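So this block is final-v5.cif, mmCIF, C-alpha atoms (C1' of nucleotides):
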data_start
loop_
_atom_site.group_PDB
_atom_site.id
_atom_site.type_symbol
_atom_site.label_atom_id
_atom_site.label_comp_id
_atom_site.auth_asym_id
_atom_site.auth_seq_id
_atom_site.Cartn_x
_atom_site.Cartn_y
_atom_site.Cartn_z
ATOM 1 C CA MET Y 1 6.099 -58.562 -173.216
ATOM 2 C CA LYS Y 2 3.820 -56.649 -170.897
ATOM 3 C CA GLU Y 3 0.905 -58.991 -170.451
ATOM 4 C CA ASN Y 4 2.064 -60.445 -167.176
ATOM 5 C CA GLU Y 5 2.483 -57.068 -165.484
ATOM 6 C CA LYS Y 6 -0.893 -57.417 -163.861
ATOM 7 C CA LEU Y 7 0.323 -60.526 -162.058
ATOM 8 C CA VAL Y 8 3.487 -58.955 -160.711
ATOM 9 C CA GLY Y 9 2.805 -58.182 -157.094
ATOM 10 C CA ARG Y 10 0.175 -60.870 -156.890
ATOM 11 C CA CYS Y 11 1.617 -64.127 -158.126
ATOM 12 C CA PRO Y 12 4.876 -65.075 -156.401
ATOM 13 C CA TYR Y 13 6.131 -66.955 -159.467
ATOM 14 C CA VAL Y 14 5.509 -64.211 -161.976
ATOM 15 C CA THR Y 15 6.958 -61.668 -159.608
ATOM 16 C CA ALA Y 16 10.045 -63.762 -158.999
ATOM 17 C CA GLN Y 17 10.471 -64.389 -162.689
ATOM 18 C CA LYS Y 18 10.393 -60.694 -163.344
ATOM 19 C CA VAL Y 19 12.842 -59.806 -160.606
ATOM 20 C CA LEU Y 20 15.259 -62.497 -161.738
ATOM 21 C CA SER Y 21 14.951 -61.875 -165.429
ATOM 22 C CA GLY Y 22 18.409 -60.411 -165.842
ATOM 23 C CA LYS Y 23 20.696 -62.821 -167.613
ATOM 24 C CA TRP Y 24 23.298 -62.645 -164.866
ATOM 25 C CA SER Y 25 21.131 -61.893 -161.868
ATOM 26 C CA LEU Y 26 21.454 -65.283 -160.224
ATOM 27 C CA LEU Y 27 25.201 -65.339 -160.573
ATOM 28 C CA ILE Y 28 25.552 -61.810 -159.268
ATOM 29 C CA LEU Y 29 23.341 -62.569 -156.280
ATOM 30 C CA HIS Y 30 25.391 -65.661 -155.607
ATOM 31 C CA TYR Y 31 28.651 -63.770 -155.505
ATOM 32 C CA ILE Y 32 27.313 -60.911 -153.434
ATOM 33 C CA SER Y 33 25.710 -63.341 -151.031
ATOM 34 C CA GLU Y 34 29.111 -64.677 -150.104
ATOM 35 C CA LYS Y 35 30.695 -61.324 -149.487
ATOM 36 C CA THR Y 36 30.180 -57.614 -149.976
ATOM 37 C CA LEU Y 37 31.898 -56.776 -153.230
ATOM 38 C CA ARG Y 38 33.147 -53.752 -155.084
ATOM 39 C CA PHE Y 39 32.298 -53.088 -158.674
ATOM 40 C CA ASN Y 40 35.655 -54.144 -160.033
ATOM 41 C CA GLU Y 41 35.673 -57.290 -157.923
ATOM 42 C CA LEU Y 42 32.434 -58.294 -159.556
ATOM 43 C CA GLN Y 43 33.954 -57.507 -162.902
ATOM 44 C CA ARG Y 44 36.895 -59.778 -162.239
ATOM 45 C CA LEU Y 45 34.626 -62.556 -161.024
ATOM 46 C CA MET Y 46 32.522 -62.346 -164.180
ATOM 47 C CA PRO Y 47 34.765 -61.370 -167.068
ATOM 48 C CA ASP Y 48 32.044 -62.248 -169.576
ATOM 49 C CA LEU Y 49 29.922 -59.226 -168.783
ATOM 50 C CA THR Y 50 30.849 -55.855 -170.138
ATOM 51 C CA GLN Y 51 30.979 -52.929 -167.729
ATOM 52 C CA ALA Y 52 27.813 -51.470 -169.184
ATOM 53 C CA THR Y 53 25.914 -54.704 -168.744
ATOM 54 C CA LEU Y 54 27.150 -55.243 -165.214
ATOM 55 C CA THR Y 55 26.065 -51.735 -164.324
ATOM 56 C CA ARG Y 56 22.614 -52.291 -165.752
ATOM 57 C CA GLN Y 57 22.153 -55.616 -163.983
ATOM 58 C CA LEU Y 58 23.240 -54.089 -160.683
ATOM 59 C CA ARG Y 59 20.893 -51.154 -161.140
ATOM 60 C CA ALA Y 60 18.001 -53.482 -161.862
ATOM 61 C CA LEU Y 61 18.721 -55.580 -158.790
ATOM 62 C CA GLU Y 62 19.017 -52.432 -156.722
ATOM 63 C CA GLU Y 63 15.747 -51.021 -158.041
ATOM 64 C CA ASN Y 64 14.050 -54.303 -157.267
ATOM 65 C CA GLY Y 65 15.360 -54.062 -153.732
ATOM 66 C CA LEU Y 66 17.559 -57.143 -153.737
ATOM 67 C CA ILE Y 67 20.903 -55.462 -153.264
ATOM 68 C CA LEU Y 68 22.276 -52.407 -151.504
ATOM 69 C CA ARG Y 69 24.677 -49.938 -153.050
ATOM 70 C CA LYS Y 70 27.028 -48.037 -150.785
ATOM 71 C CA VAL Y 71 29.027 -45.212 -152.282
ATOM 72 C CA TYR Y 72 32.193 -43.923 -150.673
ATOM 73 C CA HIS Y 73 32.683 -40.364 -151.803
ATOM 74 C CA GLN Y 74 36.400 -40.391 -152.261
ATOM 75 C CA VAL Y 75 38.960 -40.306 -155.040
ATOM 76 C CA PRO Y 76 39.183 -42.725 -156.652
ATOM 77 C CA PRO Y 77 35.536 -43.694 -156.078
ATOM 78 C CA LYS Y 78 34.609 -46.830 -154.195
ATOM 79 C CA VAL Y 79 31.257 -48.574 -154.357
ATOM 80 C CA GLU Y 80 30.237 -51.647 -152.442
ATOM 81 C CA TYR Y 81 27.370 -53.980 -153.201
ATOM 82 C CA SER Y 82 25.720 -56.151 -150.595
ATOM 83 C CA LEU Y 83 22.452 -57.995 -150.101
ATOM 84 C CA SER Y 84 19.375 -56.290 -148.708
ATOM 85 C CA ASP Y 85 17.192 -58.084 -146.178
ATOM 86 C CA ILE Y 86 14.975 -59.602 -148.821
ATOM 87 C CA GLY Y 87 18.121 -60.354 -150.791
ATOM 88 C CA ILE Y 88 19.506 -62.312 -147.868
ATOM 89 C CA GLU Y 89 16.291 -64.280 -147.711
ATOM 90 C CA PHE Y 90 16.825 -65.208 -151.299
ATOM 91 C CA ASN Y 91 19.777 -67.334 -150.231
ATOM 92 C CA GLU Y 92 17.306 -70.067 -149.417
ATOM 93 C CA VAL Y 93 16.330 -70.159 -153.045
ATOM 94 C CA LEU Y 94 19.895 -69.846 -154.216
ATOM 95 C CA GLU Y 95 20.996 -72.867 -152.229
ATOM 96 C CA LYS Y 96 18.296 -75.096 -153.666
ATOM 97 C CA LEU Y 97 18.960 -73.713 -157.074
ATOM 98 C CA GLU Y 98 22.639 -74.543 -156.883
ATOM 99 C CA VAL Y 99 21.919 -78.101 -155.829
ATOM 100 C CA TRP Y 100 19.419 -78.504 -158.606
ATOM 101 C CA GLY Y 101 21.644 -76.829 -161.173
ATOM 102 C CA LYS Y 102 24.444 -79.268 -160.438
ATOM 103 C CA LYS Y 103 22.123 -82.222 -160.796
ATOM 104 C CA TYR Y 104 20.813 -80.805 -164.018
ATOM 105 C CA ILE Y 105 24.306 -80.341 -165.399
ATOM 106 C CA GLN Y 106 25.219 -83.870 -164.406
ATOM 107 C CA SER Y 107 22.277 -85.326 -166.232
ATOM 108 C CA HIS Y 108 22.513 -83.163 -169.335
ATOM 109 C CA PHE Y 109 26.189 -82.518 -169.887
ATOM 110 C CA GLN Y 110 27.899 -85.807 -169.394
ATOM 111 C CA ALA Y 111 31.242 -84.718 -170.926
ATOM 112 C CA HIS Y 112 34.217 -84.064 -168.684
ATOM 113 C CA LEU Y 113 34.670 -80.333 -168.340
ATOM 114 C CA GLU Y 114 36.594 -77.952 -166.189
ATOM 115 C CA PRO Y 115 35.319 -77.438 -162.657
ATOM 116 C CA ASP Y 116 32.463 -75.069 -161.870
ATOM 117 C CA ILE Y 117 33.007 -71.389 -161.453
ATOM 118 C CA MET G 1 23.255 -62.394 -175.756
ATOM 119 C CA LYS G 2 25.598 -65.275 -176.322
ATOM 120 C CA GLU G 3 28.529 -64.522 -174.077
ATOM 121 C CA ASN G 4 27.452 -66.745 -171.251
ATOM 122 C CA GLU G 5 27.033 -69.824 -173.418
ATOM 123 C CA LYS G 6 30.441 -71.056 -172.388
ATOM 124 C CA LEU G 7 29.283 -71.225 -168.781
ATOM 125 C CA VAL G 8 26.110 -73.164 -169.483
ATOM 126 C CA GLY G 9 26.837 -76.721 -168.487
ATOM 127 C CA ARG G 10 29.486 -75.622 -166.056
ATOM 128 C CA CYS G 11 28.063 -73.015 -163.740
ATOM 129 C CA PRO G 12 24.831 -74.103 -162.048
ATOM 130 C CA TYR G 13 23.537 -70.540 -161.794
ATOM 131 C CA VAL G 14 24.113 -69.609 -165.394
ATOM 132 C CA THR G 15 22.672 -72.902 -166.519
ATOM 133 C CA ALA G 16 19.615 -72.477 -164.340
ATOM 134 C CA GLN G 17 19.127 -68.927 -165.512
ATOM 135 C CA LYS G 18 19.171 -70.091 -169.075
ATOM 136 C CA VAL G 19 16.762 -72.954 -168.546
ATOM 137 C CA LEU G 20 14.342 -70.688 -166.688
ATOM 138 C CA SER G 21 14.597 -67.726 -168.989
ATOM 139 C CA GLY G 22 11.108 -68.068 -170.417
ATOM 140 C CA LYS G 23 8.806 -65.413 -169.065
ATOM 141 C CA TRP G 24 6.269 -67.950 -167.896
ATOM 142 C CA SER G 25 8.468 -70.931 -167.179
ATOM 143 C CA LEU G 26 8.209 -70.792 -163.399
ATOM 144 C CA LEU G 27 4.456 -70.503 -163.454
ATOM 145 C CA ILE G 28 4.112 -73.307 -165.971
ATOM 146 C CA LEU G 29 6.363 -75.570 -163.939
ATOM 147 C CA HIS G 30 4.353 -74.742 -160.864
ATOM 148 C CA TYR G 31 1.081 -75.766 -162.428
ATOM 149 C CA ILE G 32 2.442 -78.911 -163.999
ATOM 150 C CA SER G 33 4.098 -79.872 -160.746
ATOM 151 C CA GLU G 34 0.708 -80.118 -159.095
ATOM 152 C CA LYS G 35 -0.893 -82.254 -161.744
ATOM 153 C CA THR G 36 -0.394 -83.559 -165.250
ATOM 154 C CA LEU G 37 -2.163 -81.097 -167.487
ATOM 155 C CA ARG G 38 -3.465 -80.885 -171.016
ATOM 156 C CA PHE G 39 -2.705 -78.022 -173.321
ATOM 157 C CA ASN G 40 -6.073 -76.365 -172.972
ATOM 158 C CA GLU G 41 -6.037 -76.757 -169.208
ATOM 159 C CA LEU G 42 -2.820 -74.797 -169.131
ATOM 160 C CA GLN G 43 -4.403 -72.217 -171.361
ATOM 161 C CA ARG G 44 -7.310 -71.792 -169.017
ATOM 162 C CA LEU G 45 -5.020 -71.513 -166.010
ATOM 163 C CA MET G 46 -2.978 -68.811 -167.701
ATOM 164 C CA PRO G 47 -5.289 -66.749 -169.870
ATOM 165 C CA ASP G 48 -2.605 -64.080 -170.318
ATOM 166 C CA LEU G 49 -0.499 -66.208 -172.664
ATOM 167 C CA THR G 50 -1.498 -66.603 -176.257
ATOM 168 C CA GLN G 51 -1.581 -70.094 -177.715
ATOM 169 C CA ALA G 52 1.539 -69.411 -179.739
ATOM 170 C CA THR G 53 3.483 -68.260 -176.708
ATOM 171 C CA LEU G 54 2.327 -71.149 -174.554
ATOM 172 C CA THR G 55 3.393 -73.573 -177.244
ATOM 173 C CA ARG G 56 6.827 -71.998 -177.469
ATOM 174 C CA GLN G 57 7.339 -72.012 -173.722
ATOM 175 C CA LEU G 58 6.301 -75.646 -173.498
ATOM 176 C CA ARG G 59 8.605 -76.585 -176.368
ATOM 177 C CA ALA G 60 11.513 -74.843 -174.664
ATOM 178 C CA LEU G 61 10.875 -76.573 -171.362
ATOM 179 C CA GLU G 62 10.585 -79.874 -173.158
ATOM 180 C CA GLU G 63 13.818 -79.340 -175.073
ATOM 181 C CA ASN G 64 15.559 -78.472 -171.842
ATOM 182 C CA GLY G 65 14.318 -81.724 -170.370
ATOM 183 C CA LEU G 66 12.143 -80.294 -167.629
ATOM 184 C CA ILE G 67 8.798 -81.532 -168.849
ATOM 185 C CA LEU G 68 7.422 -84.541 -170.696
ATOM 186 C CA ARG G 69 4.982 -84.383 -173.572
ATOM 187 C CA LYS G 70 2.683 -87.299 -174.149
ATOM 188 C CA VAL G 71 0.635 -87.335 -177.315
ATOM 189 C CA TYR G 72 -2.518 -89.435 -177.661
ATOM 190 C CA HIS G 73 -3.083 -90.071 -181.323
ATOM 191 C CA GLN G 74 -6.816 -89.733 -181.454
ATOM 192 C CA VAL G 75 -9.447 -87.359 -182.744
ATOM 193 C CA PRO G 76 -9.674 -84.810 -181.350
ATOM 194 C CA PRO G 77 -6.013 -84.805 -180.303
ATOM 195 C CA LYS G 78 -4.989 -84.997 -176.682
ATOM 196 C CA VAL G 79 -1.623 -83.969 -175.282
ATOM 197 C CA GLU G 80 -0.534 -84.188 -171.692
ATOM 198 C CA TYR G 81 2.314 -82.382 -170.028
ATOM 199 C CA SER G 82 4.039 -83.638 -166.905
ATOM 200 C CA LEU G 83 7.320 -83.156 -165.094
ATOM 201 C CA SER G 84 10.407 -85.167 -165.996
ATOM 202 C CA ASP G 85 12.643 -86.536 -163.259
ATOM 203 C CA ILE G 86 14.826 -83.460 -163.178
ATOM 204 C CA GLY G 87 11.664 -81.404 -163.390
ATOM 205 C CA ILE G 88 10.342 -83.082 -160.274
ATOM 206 C CA GLU G 89 13.572 -82.271 -158.508
ATOM 207 C CA PHE G 90 12.983 -78.668 -159.364
ATOM 208 C CA ASN G 91 10.076 -78.641 -156.931
ATOM 209 C CA GLU G 92 12.578 -78.059 -154.171
ATOM 210 C CA VAL G 93 13.494 -74.790 -155.816
ATOM 211 C CA LEU G 94 9.902 -73.941 -156.573
ATOM 212 C CA GLU G 95 8.869 -74.291 -152.958
ATOM 213 C CA LYS G 96 11.559 -71.955 -151.699
ATOM 214 C CA LEU G 97 10.832 -69.593 -154.521
ATOM 215 C CA GLU G 98 7.173 -69.413 -153.636
ATOM 216 C CA VAL G 99 7.936 -68.672 -150.004
ATOM 217 C CA TRP G 100 10.408 -66.004 -150.988
ATOM 218 C CA GLY G 101 8.127 -64.531 -153.633
ATOM 219 C CA LYS G 102 5.355 -64.069 -151.104
ATOM 220 C CA LYS G 103 7.693 -62.343 -148.686
ATOM 221 C CA TYR G 104 8.953 -60.155 -151.471
ATOM 222 C CA ILE G 105 5.436 -59.177 -152.480
ATOM 223 C CA GLN G 106 4.557 -58.402 -148.884
ATOM 224 C CA SER G 107 7.495 -56.083 -148.505
ATOM 225 C CA HIS G 108 7.200 -54.359 -151.876
ATOM 226 C CA PHE G 109 3.498 -54.207 -152.647
ATOM 227 C CA GLN G 110 1.798 -53.058 -149.494
ATOM 228 C CA ALA G 111 -1.554 -52.283 -151.157
ATOM 229 C CA HIS G 112 -4.503 -54.599 -150.657
ATOM 230 C CA LEU G 113 -4.978 -56.655 -153.758
ATOM 231 C CA GLU G 114 -6.900 -59.687 -154.835
ATOM 232 C CA PRO G 115 -5.606 -63.054 -153.610
ATOM 233 C CA ASP G 116 -2.755 -64.887 -155.322
ATOM 234 C CA ILE G 117 -3.341 -66.998 -158.359
ATOM 235 C "C1'" DC K 1 37.499 -46.676 -160.150
ATOM 236 C "C1'" DT K 2 32.897 -46.584 -161.445
ATOM 237 C "C1'" DG K 3 30.323 -45.521 -164.158
ATOM 238 C "C1'" DC K 4 26.965 -43.164 -168.280
ATOM 239 C "C1'" DA K 5 25.765 -42.395 -173.434
ATOM 240 C "C1'" DT K 6 25.273 -44.264 -177.724
ATOM 241 C "C1'" DC K 7 24.551 -47.480 -181.198
ATOM 242 C "C1'" DC K 8 23.259 -51.967 -182.735
ATOM 243 C "C1'" DT K 9 21.419 -56.637 -183.196
ATOM 244 C "C1'" DA K 10 19.082 -60.907 -181.959
ATOM 245 C "C1'" DG K 11 15.385 -62.971 -180.322
ATOM 246 C "C1'" DA K 12 11.430 -63.273 -177.013
ATOM 247 C "C1'" DG K 13 7.008 -62.901 -177.092
ATOM 248 C "C1'" DG K 14 2.356 -60.654 -178.492
ATOM 249 C "C1'" DA K 15 -1.529 -60.662 -182.212
ATOM 250 C "C1'" DT K 16 -3.865 -62.904 -185.594
ATOM 251 C "C1'" DA K 17 -5.156 -66.285 -188.973
ATOM 252 C "C1'" DC K 18 -5.094 -70.915 -190.526
ATOM 253 C "C1'" DT K 19 -5.003 -76.472 -190.014
ATOM 254 C "C1'" DG K 20 -5.034 -81.883 -189.321
ATOM 255 C "C1'" DC J 1 -7.982 -79.900 -179.491
ATOM 256 C "C1'" DA J 2 -3.593 -78.604 -180.101
ATOM 257 C "C1'" DG J 3 -1.168 -76.762 -182.454
ATOM 258 C "C1'" DT J 4 1.602 -74.118 -186.927
ATOM 259 C "C1'" DA J 5 2.683 -69.864 -189.691
ATOM 260 C "C1'" DT J 6 3.363 -64.949 -190.067
ATOM 261 C "C1'" DC J 7 4.222 -60.612 -188.852
ATOM 262 C "C1'" DC J 8 5.639 -57.035 -185.791
ATOM 263 C "C1'" DT J 9 7.343 -54.623 -181.788
ATOM 264 C "C1'" DC J 10 10.208 -54.030 -177.956
ATOM 265 C "C1'" DT J 11 13.881 -54.407 -175.106
ATOM 266 C "C1'" DA J 12 17.918 -56.949 -173.031
ATOM 267 C "C1'" DG J 13 22.276 -56.860 -173.554
ATOM 268 C "C1'" DG J 14 26.860 -56.642 -176.281
ATOM 269 C "C1'" DA J 15 30.474 -53.196 -178.139
ATOM 270 C "C1'" DT J 16 32.642 -49.049 -177.797
ATOM 271 C "C1'" DG J 17 33.867 -44.503 -176.304
ATOM 272 C "C1'" DC J 18 33.774 -40.740 -172.951
ATOM 273 C "C1'" DA J 19 33.741 -38.708 -167.981
ATOM 274 C "C1'" DG J 20 33.972 -37.295 -162.929
#

The structure in this file should be written as structure tokens.
Amino acid sequence: MKENEKLVGRCPYVTAQKVLSGKWSLLILHYISEKTLRFNELQRLMPDLTQATLTRQLRALEENGLILRKVYHQVPPKVEYSLSDIGIEFNEVLEKLEVWGKKYIQSHFQAHLEPDI
Amino acid sequence: MKENEKLVGRCPYVTAQKVLSGKWSLLILHYISEKTLRFNELQRLMPDLTQATLTRQLRALEENGLILRKVYHQVPPKVEYSLSDIGIEFNEVLEKLEVWGKKYIQSHFQAHLEPDI
DNA sequence: CTGCATCCTAGAGGATACTG
DNA sequence: CAGTATCCTCTAGGATGCAG
């Protein structure tokens, strides 16, 4: 689980893989890319994550420099998440990924399902 | 670890995340996208994976329909890996990802290191 | 509202040895 | 050459409860 560490920071693919390893990272980035969001807004958008997990994923993305965390010191607390510069650049990837993901779903899940989320 | 299963096949991001969850999947796809490769060629390109791990990653990519596995029944055996149709389409993502990954590395790893792999 | 602390489990992936 | 078969460790992430 640690043998690719030496490639992080050198190989763009290994580095990207590492940064995006969170199970929900792509979805979170997608939502935040559309609009700055508060913690509970993200929760409502993704009811399948627990609070603890959402927190961890957000921390990881923040530590990796993809998102910004702005805290309003007030009661009750308010925290907003937005994309960093490099996070904004990731939109290019996200767009291609969405297109590809839809094609993939079309070709692998032929059943009629509810619309995308 | 199973709570996003219901979104696989519906949400392109969750689906993509799942398909690409292997630690080496992006790198493997990158190499195969350039050229059909044999098992031992992949091994030599990525000396950090053990045989067992490489096999598992390839199996996963094959099961997810991204790569093709062609077996030549001869002695010694010969197996070639190449991209499937949907795998070829993934090149669009890969290209953007590589560009972004390099930018990310530039902005986060300022030290002078050996060239990319 | 936005977390952190704790516990727990599944499974990814590394190491090593063996095989048709 | 291209794998299996084991074993073992580690950590991501789910569940739940508490807190400023």

Around all listed atoms of range 2-12 of chain J, padded 5 Å per side, what centre and edge lengths does the axis-aligned box have in Å to one decimal, as AutoDock Vina command-line options?
--center_x 7.2 --center_y -66.3 --center_z -181.5 --size_x 31.5 --size_y 34.6 --size_z 27.0

Could you tell me which residues the PyMOL selection byres ((chain Y) within 12 of (chain K)) grabs in this file, written as a PyMOL selection string?
chain Y and resi 1-4+38-43+50-56+58-59+71-80

Rounded to one decimal in Å, what is the spacing between CA of Asp48 in chain G and CA of Leu26 in chain G?
14.5 Å

Evaluating the PyMOL selection byres ((chain G and resi 68) around 12) on the displayed file yields which residues, as a list in words?
Leu29, Ile32, Ser33, Thr36, Leu37, Arg38, Leu58, Arg59, Ala60, Leu61, Glu62, Glu63, Asn64, Gly65, Leu66, Ile67, Arg69, Lys70, Val71, Val79, Glu80, Tyr81, Ser82, Leu83, Ser84, Asp85, Ile86, Gly87 and Ile88 of chain G

Please write as a ChimeraX atom specification the full residue list that the PyMOL selection byres ((chain Y) within 8 of (chain G)) yields on this file.
/Y:3-4,9-18,21,23-24,26-27,48-49,86,89-90,92-93,96-105,108-109,113-117

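Here C1' of DC10 in chain J is placed at a distance of 18.7 Å from CA of Gln57 in chain G.
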
Would you write out, as a tab-separated table, a table of all residues in chain J that have an atom no more than 10 Å from an atom of chain Y, listing for each the closest atom pair and the distance in Å to one decimal, considering only C-alpha atoms (C1' of nucleotides) and ordering rows by chain and rising residue number?
residue	atom	partner	partner_atom	distance
J:DT9	C1'	Y:Met1	CA	9.5
J:DC10	C1'	Y:Met1	CA	7.7
J:DT11	C1'	Y:Met1	CA	9.0
J:DA12	C1'	Y:Gly22	CA	8.0
J:DG13	C1'	Y:Thr53	CA	6.4
J:DG14	C1'	Y:Thr50	CA	7.4
J:DA15	C1'	Y:Thr50	CA	8.4
J:DG20	C1'	Y:Pro77	CA	9.5

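Across the model, the gap from CA of Glu34 in chain G to C1' of DA2 in chain J is 21.5 Å.
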